[in-house]
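So this one's upload38.pdb, PDB, C-alpha atoms:
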ATOM      1  CA  MET F   1      22.864 -96.901 -24.968
ATOM      2  CA  PRO F   2      21.952 -94.242 -27.564
ATOM      3  CA  LEU F   3      20.481 -95.536 -30.796
ATOM      4  CA  PRO F   4      22.689 -95.293 -33.896
ATOM      5  CA  GLY F   5      22.691 -91.735 -35.227
ATOM      6  CA  VAL F   6      21.610 -90.215 -31.884
ATOM      7  CA  THR F   7      24.076 -88.013 -30.045
ATOM      8  CA  PRO F   8      23.440 -87.562 -26.317
ATOM      9  CA  LYS F   9      24.527 -84.638 -24.180
ATOM     10  CA  LEU F  10      24.687 -84.851 -20.387
ATOM     11  CA  VAL F  11      24.167 -81.675 -18.380
ATOM     12  CA  PRO F  12      25.315 -81.917 -14.732
ATOM     13  CA  SER F  13      22.485 -81.559 -12.248
ATOM     14  CA  SER F  14      22.442 -78.599  -9.899
ATOM     15  CA  ASP F  15      22.429 -80.777  -6.781
ATOM     16  CA  GLY F  16      26.098 -81.686  -7.103
ATOM     17  CA  GLU F  17      25.424 -85.417  -7.343
ATOM     18  CA  ASP F  18      26.327 -87.778 -10.172
ATOM     19  CA  THR F  19      23.092 -87.275 -12.083
ATOM     20  CA  TYR F  20      22.618 -85.474 -15.385
ATOM     21  CA  GLY F  21      19.884 -83.975 -17.462
ATOM     22  CA  LEU F  22      19.726 -85.943 -20.719
ATOM     23  CA  ARG F  23      19.570 -84.124 -24.066
ATOM     24  CA  VAL F  24      19.641 -85.743 -27.508
ATOM     25  CA  ARG F  25      20.220 -84.705 -31.122
ATOM     26  CA  GLY F  26      19.991 -86.661 -34.370
ATOM     27  CA  ARG F  27      18.102 -87.225 -37.604
ATOM     28  CA  SER F  28      15.553 -89.419 -35.818
ATOM     29  CA  ILE F  29      14.705 -86.685 -33.280
ATOM     30  CA  THR F  30      11.708 -84.467 -33.968
ATOM     31  CA  PRO F  31      12.638 -80.991 -35.270
ATOM     32  CA  GLY F  32       9.944 -79.396 -33.118
ATOM     33  CA  PHE F  33       6.234 -78.787 -32.586
ATOM     34  CA  LEU F  34       3.975 -78.096 -35.567
ATOM     35  CA  ARG F  35       3.079 -74.408 -35.727
ATOM     36  CA  ARG F  36       4.205 -73.915 -32.089
ATOM     37  CA  PRO F  37       7.553 -72.113 -32.150
ATOM     38  CA  ASP F  38       7.127 -71.280 -28.461
ATOM     39  CA  LEU F  39       7.040 -74.954 -27.476
ATOM     40  CA  THR F  40       9.883 -75.768 -29.863
ATOM     41  CA  CYS F  41      12.051 -73.068 -28.326
ATOM     42  CA  ALA F  42      11.361 -74.386 -24.822
ATOM     43  CA  ALA F  43      12.069 -77.997 -25.787
ATOM     44  CA  PHE F  44      15.496 -77.454 -27.404
ATOM     45  CA  ASP F  45      18.689 -75.866 -26.150
ATOM     46  CA  LEU F  46      20.817 -73.389 -28.088
ATOM     47  CA  GLU F  47      22.831 -76.199 -29.717
ATOM     48  CA  GLY F  48      19.699 -77.895 -31.034
ATOM     49  CA  TYR F  49      19.558 -80.729 -28.489
ATOM     50  CA  TYR F  50      16.100 -81.914 -27.489
ATOM     51  CA  ARG F  51      15.381 -81.904 -23.751
ATOM     52  CA  PRO F  52      13.056 -84.845 -22.929
ATOM     53  CA  GLY F  53      13.102 -84.058 -19.208
ATOM     54  CA  ASP F  54      14.795 -87.294 -18.129
ATOM     55  CA  ALA F  55      17.486 -87.563 -15.469
ATOM     56  CA  VAL F  56      20.207 -90.175 -15.947
ATOM     57  CA  SER F  57      23.423 -91.385 -14.375
ATOM     58  CA  ILE F  58      26.418 -93.120 -15.930
ATOM     59  CA  ALA F  59      26.204 -96.865 -15.317
ATOM     60  CA  ASP F  60      29.972 -97.343 -15.116
ATOM     61  CA  PRO F  61      32.376 -94.363 -15.338
ATOM     62  CA  ASN F  62      35.094 -96.761 -16.486
ATOM     63  CA  ASP F  63      33.062 -98.377 -19.270
ATOM     64  CA  ASP F  64      30.965 -96.230 -21.621
ATOM     65  CA  ASN F  65      29.560 -99.381 -23.246
ATOM     66  CA  LYS F  66      27.393 -99.991 -20.169
ATOM     67  CA  GLY F  67      25.344 -96.929 -21.067
ATOM     68  CA  LEU F  68      23.114 -94.740 -18.941
ATOM     69  CA  LEU F  69      20.715 -95.447 -16.093
ATOM     70  CA  PHE F  70      17.312 -93.760 -15.957
ATOM     71  CA  ARG F  71      17.014 -91.798 -12.706
ATOM     72  CA  GLY F  72      13.516 -90.351 -13.069
ATOM     73  CA  ARG F  73      11.963 -87.219 -14.460
ATOM     74  CA  ILE F  74      13.659 -83.892 -13.827
ATOM     75  CA  VAL F  75      10.267 -82.188 -13.483
ATOM     76  CA  GLU F  76       9.403 -84.524 -10.592
ATOM     77  CA  GLU F  77      12.465 -83.771  -8.501
ATOM     78  CA  PHE F  78      12.249 -81.303  -5.652
ATOM     79  CA  LYS F  79      14.059 -79.886  -2.643
ATOM     80  CA  LEU F  80      13.338 -80.372   1.027
ATOM     81  CA  SER F  81      13.277 -77.317   3.289
ATOM     82  CA  THR F  82      16.927 -78.077   4.085
ATOM     83  CA  GLY F  83      17.864 -77.572   0.421
ATOM     84  CA  THR F  84      18.489 -81.289  -0.112
ATOM     85  CA  PHE F  85      17.409 -82.640  -3.515
ATOM     86  CA  VAL F  86      15.061 -85.628  -3.650
ATOM     87  CA  HIS F  87      15.483 -87.872  -6.696
ATOM     88  CA  VAL F  88      11.889 -88.992  -6.995
ATOM     89  CA  GLY F  89      12.289 -91.651  -9.690
ATOM     90  CA  ALA F  90      15.128 -93.451  -7.952
ATOM     91  CA  LEU F  91      13.445 -93.255  -4.545
ATOM     92  CA  ARG F  92      10.141 -94.543  -5.900
ATOM     93  CA  THR F  93      11.830 -97.484  -7.631
ATOM     94  CA  ALA F  94      13.810 -98.394  -4.527
ATOM     95  CA  LEU F  95      10.752 -98.282  -2.255
ATOM     96  CA  LEU F  96       8.673-100.435  -4.586
ATOM     97  CA  SER F  97      11.497-102.970  -4.725
ATOM     98  CA  ALA F  98      11.574-103.054  -0.926
ATOM     99  CA  ALA F  99       7.781-103.344  -0.569
ATOM    100  CA  PRO F 100       6.160-105.775  -3.049
ATOM    101  CA  VAL F 101       2.901-105.205  -1.188
ATOM    102  CA  LEU F 102       2.760-101.790  -2.901
ATOM    103  CA  SER F 103       1.924-101.382  -6.588
ATOM    104  CA  ASP F 104       2.969 -97.753  -7.005
ATOM    105  CA  VAL F 105       4.109 -94.754  -5.005
ATOM    106  CA  VAL F 106       3.875 -90.975  -5.247
ATOM    107  CA  ILE F 107       6.612 -89.130  -3.354
ATOM    108  CA  THR F 108       5.809 -85.974  -1.353
ATOM    109  CA  GLY F 109       7.726 -83.466   0.733
ATOM    110  CA  GLU F 110       8.566 -80.531  -1.514
ATOM    111  CA  GLY F 111       9.535 -77.606   0.711
ATOM    112  CA  LEU F 112       9.056 -79.684   3.865
ATOM    113  CA  GLY F 113      11.523 -81.193   6.283
ATOM    114  CA  GLU F 114      11.020 -84.841   5.384
ATOM    115  CA  VAL F 115       9.957 -87.146   2.573
ATOM    116  CA  GLY F 116       6.537 -88.777   2.580
ATOM    117  CA  ALA F 117       4.722 -91.118   0.231
ATOM    118  CA  MET F 118       1.201 -91.981  -0.879
ATOM    119  CA  ALA F 119       1.061 -95.585  -2.030
ATOM    120  CA  SER F 120      -1.304 -97.859  -3.896
ATOM    121  CA  PHE F 121      -1.497-101.418  -2.609
ATOM    122  CA  ASN F 122      -0.864-104.586  -4.592
ATOM    123  CA  GLU F 123      -4.158-106.399  -4.042
ATOM    124  CA  ALA F 124      -2.833-109.851  -4.961
ATOM    125  CA  GLU F 125       0.079-109.492  -2.542
ATOM    126  CA  VAL F 126      -2.179-108.150   0.231
ATOM    127  CA  ARG F 127      -4.481-111.144  -0.171
ATOM    128  CA  ARG F 128      -1.534-113.528  -0.166
ATOM    129  CA  LEU F 129       0.033-112.088   2.975
ATOM    130  CA  PHE F 130      -3.017-111.252   5.038
ATOM    131  CA  ALA F 131      -6.002-113.101   3.498
ATOM    132  CA  TRP F 132      -7.742-109.743   3.357
ATOM    133  CA  SER F 133      -9.077-107.615   0.510
ATOM    134  CA  PRO F 134      -9.360-103.831   0.991
ATOM    135  CA  SER F 135     -12.493-102.054  -0.174
ATOM    136  CA  SER F 136     -12.031 -99.863  -3.233
ATOM    137  CA  ASP F 137     -14.597 -97.453  -1.735
ATOM    138  CA  ASP F 138     -12.178 -96.376   0.996
ATOM    139  CA  GLU F 139     -10.123 -93.291   0.193
ATOM    140  CA  ILE F 140      -7.503 -94.272   2.783
ATOM    141  CA  ILE F 141      -6.662 -97.830   3.833
ATOM    142  CA  ASN F 142      -6.504 -98.547   7.567
ATOM    143  CA  PHE F 143      -5.568-102.172   8.225
ATOM    144  CA  ASP F 144      -3.404-102.891  11.259
ATOM    145  CA  GLU F 145      -1.527-105.880   9.853
ATOM    146  CA  LEU F 146      -0.648-104.017   6.664
ATOM    147  CA  ALA F 147       0.429-100.958   8.666
ATOM    148  CA  VAL F 148       2.741-103.048  10.888
ATOM    149  CA  HIS F 149       4.216-104.747   7.831
ATOM    150  CA  LEU F 150       4.875-101.430   6.073
ATOM    151  CA  LEU F 151       6.338 -99.904   9.226
ATOM    152  CA  GLU F 152       8.908-102.698   9.349
ATOM    153  CA  VAL F 153       9.637-102.202   5.644
ATOM    154  CA  LEU F 154      10.142 -98.449   6.087
ATOM    155  CA  ARG F 155      12.456 -98.819   9.055
ATOM    156  CA  GLU F 156      14.640-101.260   7.169
ATOM    157  CA  PHE F 157      14.467 -99.164   4.011
ATOM    158  CA  ASN F 158      15.514 -96.006   5.867
ATOM    159  CA  ARG F 159      18.402 -97.602   7.700
ATOM    160  CA  GLY F 160      21.625 -95.748   6.930
ATOM    161  CA  SER F 161      20.018 -93.348   4.419
ATOM    162  CA  GLY F 162      20.196 -89.560   4.400
ATOM    163  CA  SER F 163      17.107 -87.348   4.571
ATOM    164  CA  SER F 164      16.513 -87.440   0.801
ATOM    165  CA  GLY F 165      16.537 -91.254   0.779
ATOM    166  CA  ARG F 166      14.299 -91.817   3.797
ATOM    167  CA  VAL F 167      10.512 -92.111   3.641
ATOM    168  CA  GLU F 168       9.260 -90.948   7.036
ATOM    169  CA  ARG F 169       5.493 -90.899   6.414
ATOM    170  CA  LEU F 170       3.327 -93.232   4.371
ATOM    171  CA  LEU F 171      -0.367 -93.203   3.536
ATOM    172  CA  VAL F 172      -1.962 -96.145   1.729
ATOM    173  CA  LEU F 173      -4.583 -95.092  -0.815
ATOM    174  CA  GLY F 174      -7.783 -97.013  -1.342
ATOM    175  CA  ARG F 175      -8.158 -95.784  -4.905
ATOM    176  CA  PRO F 176      -5.266 -96.265  -7.351
ATOM    177  CA  PRO F 177      -4.158 -93.479  -9.720
ATOM    178  CA  SER F 178      -6.700 -92.917 -12.483
ATOM    179  CA  LEU F 179      -6.016 -92.815 -16.211
ATOM    180  CA  ASP F 180      -9.209 -90.789 -16.767
ATOM    181  CA  LEU F 181      -8.040 -88.122 -14.306
ATOM    182  CA  GLY F 182      -4.628 -87.847 -15.949
ATOM    183  CA  GLU F 183      -2.874 -89.517 -13.011
ATOM    184  CA  VAL F 184      -1.493 -92.238 -15.284
ATOM    185  CA  THR F 185       0.242 -91.459 -18.574
ATOM    186  CA  ASP F 186      -0.463 -93.190 -21.880
ATOM    187  CA  LYS F 187       2.682 -95.232 -21.243
ATOM    188  CA  GLY F 188       1.256 -96.533 -17.982
ATOM    189  CA  SER F 189       3.572 -94.597 -15.666
ATOM    190  CA  ILE F 190       2.459 -92.415 -12.769
ATOM    191  CA  ASN F 191       2.004 -88.708 -13.424
ATOM    192  CA  GLN F 192       3.398 -87.578 -10.090
ATOM    193  CA  ARG F 193       2.455 -83.911 -10.418
ATOM    194  CA  GLN F 194      -1.132 -84.699 -11.427
ATOM    195  CA  VAL F 195      -1.670 -87.089  -8.527
ATOM    196  CA  LEU F 196      -0.347 -84.488  -6.093
ATOM    197  CA  SER F 197      -2.628 -81.866  -7.613
ATOM    198  CA  ASN F 198      -5.756 -84.042  -7.709
ATOM    199  CA  ARG F 199      -5.215 -85.336  -4.191
ATOM    200  CA  ALA F 200      -3.937 -82.178  -2.552
ATOM    201  CA  LYS F 201      -6.173 -82.714   0.494
ATOM    202  CA  LEU F 202      -4.652 -86.138   1.084
ATOM    203  CA  VAL F 203      -1.170 -84.635   0.781
ATOM    204  CA  GLU F 204      -2.128 -82.136   3.489
ATOM    205  CA  LEU F 205      -3.424 -84.965   5.695
ATOM    206  CA  LEU F 206      -0.243 -86.968   5.143
ATOM    207  CA  ASN F 207       1.908 -84.066   6.309
ATOM    208  CA  ALA F 208      -0.385 -82.764   9.064
ATOM    209  CA  ASP F 209       1.109 -82.041  12.466
ATOM    210  CA  PRO F 210       0.039 -83.660  14.679
ATOM    211  CA  PRO F 211      -0.389 -86.570  12.258
ATOM    212  CA  ILE F 212      -3.847 -87.917  11.534
ATOM    213  CA  PRO F 213      -4.823 -91.550  12.103
ATOM    214  CA  HIS F 214      -3.813 -94.024   9.374
ATOM    215  CA  VAL F 215      -0.476 -92.311   8.607
ATOM    216  CA  ILE F 216       2.421 -94.746   9.071
ATOM    217  CA  LEU F 217       5.255 -92.914  10.821
ATOM    218  CA  ALA F 218       8.656 -94.537  10.434
ATOM    219  CA  HIS F 219      10.438 -92.346  12.961
ATOM    220  CA  VAL F 220       8.221 -92.289  16.042
ATOM    221  CA  GLY F 221       6.608 -95.630  16.673
ATOM    222  CA  GLY F 222       4.327 -96.649  13.886
ATOM    223  CA  SER F 223       0.875 -95.620  12.761
ATOM    224  CA  SER F 224      -0.629 -92.513  14.281
ATOM    225  CA  GLY F 225      -3.999 -94.194  14.476
TER     226      GLY F 225
END
What would the structure in this file look like if it were written as structure tokens?
Amino acid sequence: MPLPGVTPKLVPSSDGEDTYGLRVRGRSITPGFLRRPDLTCAAFDLEGYYRPGDAVSIADPNDDNKGLLFRGRIVEEFKLSTGTFVHVGALRTALLSAAPVLSDVVITGEGLGEVGAMASFNEAEVRRLFAWSPSSDDEIINFDELAVHLLEVLREFNRGSGSSGRVERLLVLGRPPSLDLGEVTDKGSINQRQVLSNRAKLVELLNADPPIPHVILAHVGGSSG
């Protein structure tokens, strides 16, 4: 729910779904950037509402008191080659809930025909399930038991979902996102765009056709290697 004195404004998203761009106005909201009128102009709309870049949905259309649900960052969202929008924040959260063996996920697929993901593993969960500890020196993790486990997770996760809610390719990273490289924000969340930029070669490998070894393919039969 908005804090007292804060007025929200919801701008319908362009994908036609029940998500909105959140904007806020109030005495507790910054009036702008110091000596940067260009940034201030970009951050506020014509009515003076601040645009934080968050996407939200209404928790219950019949009960405003239930507030808003965070649906990710607008700047992270993208379209597949089919024109279908991918809600990155919601998809990432759902996949992590389905796969406790993963600690975080970066979603890929902008301009492509399917959604992919690069994931960091949860070392404690990997040890618990498989009595095995991956080496942090490996850029890509290749462990058969983990790959089989994640393949089963992906197939169940994808069941009944449309193209924007299905993760068809998965690559497990040996090195987690780095705070020093700007891949993790000061708040501890993943900077999706920075990870994709820093690891562009891995993104290319994930989406290569034919697929390289170590990529877990949910739609053809498992790992390609």
Among the residues F:Lys187, F:Lys79, F:Arg23, F:Arg127, the one that comes closest to F:Glu145 [using all atoms listed in the file]: F:Arg127
Minimum-distance residue to F:Asp64, chosen among F:Met1, F:Pro52, F:Asn122, F:Pro8 (using all atoms listed in the file): F:Met1
Exercise: stretch 194-196 of chain F partners within 10 Å, all atoms listed in the file, chain neighbours under 4 positions left out, as a PyMOL selection string: chain F and resi 106-108+118+176-178+181-185+190+200-203
Spatial neighbours of F:Ala90, 12 Å, all atoms listed in the file, chain gap at least 4 places, as a VMD selection string: chain F and resid 19 54 to 57 69 to 74 76 to 77 85 to 86 94 to 97 105 to 107 164 to 166
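You can rank F:Ala147, F:His87, F:Leu80, F:Leu205 by their closest distance to F:Ser13 using all atoms listed in the file, and at the top of that list sits F:His87.
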Atom pair atom CA of F:Gly5 / atom CA of F:Ser28: separation (Å): 7.5 Å
Spatial neighbours of F:Ala59, max dist 6 Å, only C-alpha atoms, sep filter under 4 positions, as a list of chain:residue names: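 Near F:Ala59, the qualifying residues are F:Lys66, F:Gly67, F:Leu68, F:Leu69.
Applied to the file shown here, the PyMOL selection byres ((chain F and resi 27) around 12) selects the residues Leu3, Pro4, Gly5, Val6, Thr7, Val24, Arg25, Gly26, Ser28, Ile29, Thr30, Pro31, Gly48, Tyr49 and Tyr50 of chain F.
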One-decimal distance in Å that lies between atom CA of F:Ser103 and atom CA of F:Phe121: 5.2 Å
Option closest in space to F:Glu110, from F:Gly21, F:Asn207, F:Arg199, F:Arg35 [counting all atoms listed in the file]: F:Asn207
Between stretch 49-120 of chain F and stretch 170-175 of chain F, at 7 Å or less, what are the per-residue closest atom pairs and their distances in Å? Count only C-alpha atoms, order by chain and rising residue number, and return it as a Markdown table.
| residue | atom | partner | partner_atom | distance |
| --- | --- | --- | --- | --- |
| F:Gly116 | CA | F:Leu170 | CA | 5.8 |
| F:Ala117 | CA | F:Leu170 | CA | 4.9 |
| F:Met118 | CA | F:Leu171 | CA | 4.8 |
| F:Ala119 | CA | F:Val172 | CA | 4.9 |
| F:Ser120 | CA | F:Leu173 | CA | 5.3 |
Restricting it to C-alpha atoms, dump the selection as a PDB file, keeping the file's coordinate frame.
ATOM      1  CA  GLY F 116       6.537 -88.777   2.580  1.00  0.00           C
ATOM      2  CA  ALA F 117       4.722 -91.118   0.231  1.00  0.00           C
ATOM      3  CA  MET F 118       1.201 -91.981  -0.879  1.00  0.00           C
ATOM      4  CA  ALA F 119       1.061 -95.585  -2.030  1.00  0.00           C
ATOM      5  CA  SER F 120      -1.304 -97.859  -3.896  1.00  0.00           C
TER       6      SER F 120
END
Of the listed residues F:Val167, F:Leu150, F:Ala208, F:Val88, that which approaches F:Gln192 most closely, counting only C-alpha atoms: F:Val88
Point-to-point distance in Å for atom CA of F:Ser189 and atom CA of F:Ile212: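 Between atom CA of F:Ile212 and atom CA of F:Ser189 the gap works out to 29.0 Å.
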Picked residues, the PyMOL selection byres ((chain F and resi 114) around 7), as a PyMOL selection string: chain F and resi 80+109+112-113+115-116+163+168
Selected residue, from F:Tyr20, F:Phe130, F:Phe157, F:Phe33, that lies nearest to F:Val101 when counting all atoms listed in the file: F:Phe130
To box stretch 164-173 of chain F, take all atoms listed in the file, fit an axis-aligned box, add 6 Å on each side, and give centre and edge lengths in Å to one decimal, as JSON.
{"center_x": 6.0, "center_y": -91.8, "center_z": 3.1, "size_x": 33.1, "size_y": 20.7, "size_z": 19.9}
Result set of the PyMOL selection byres ((chain F and resi 133) around 12) on the coordinates above, as a PyMOL selection string: chain F and resi 121-132+134-138+141-143+146+174
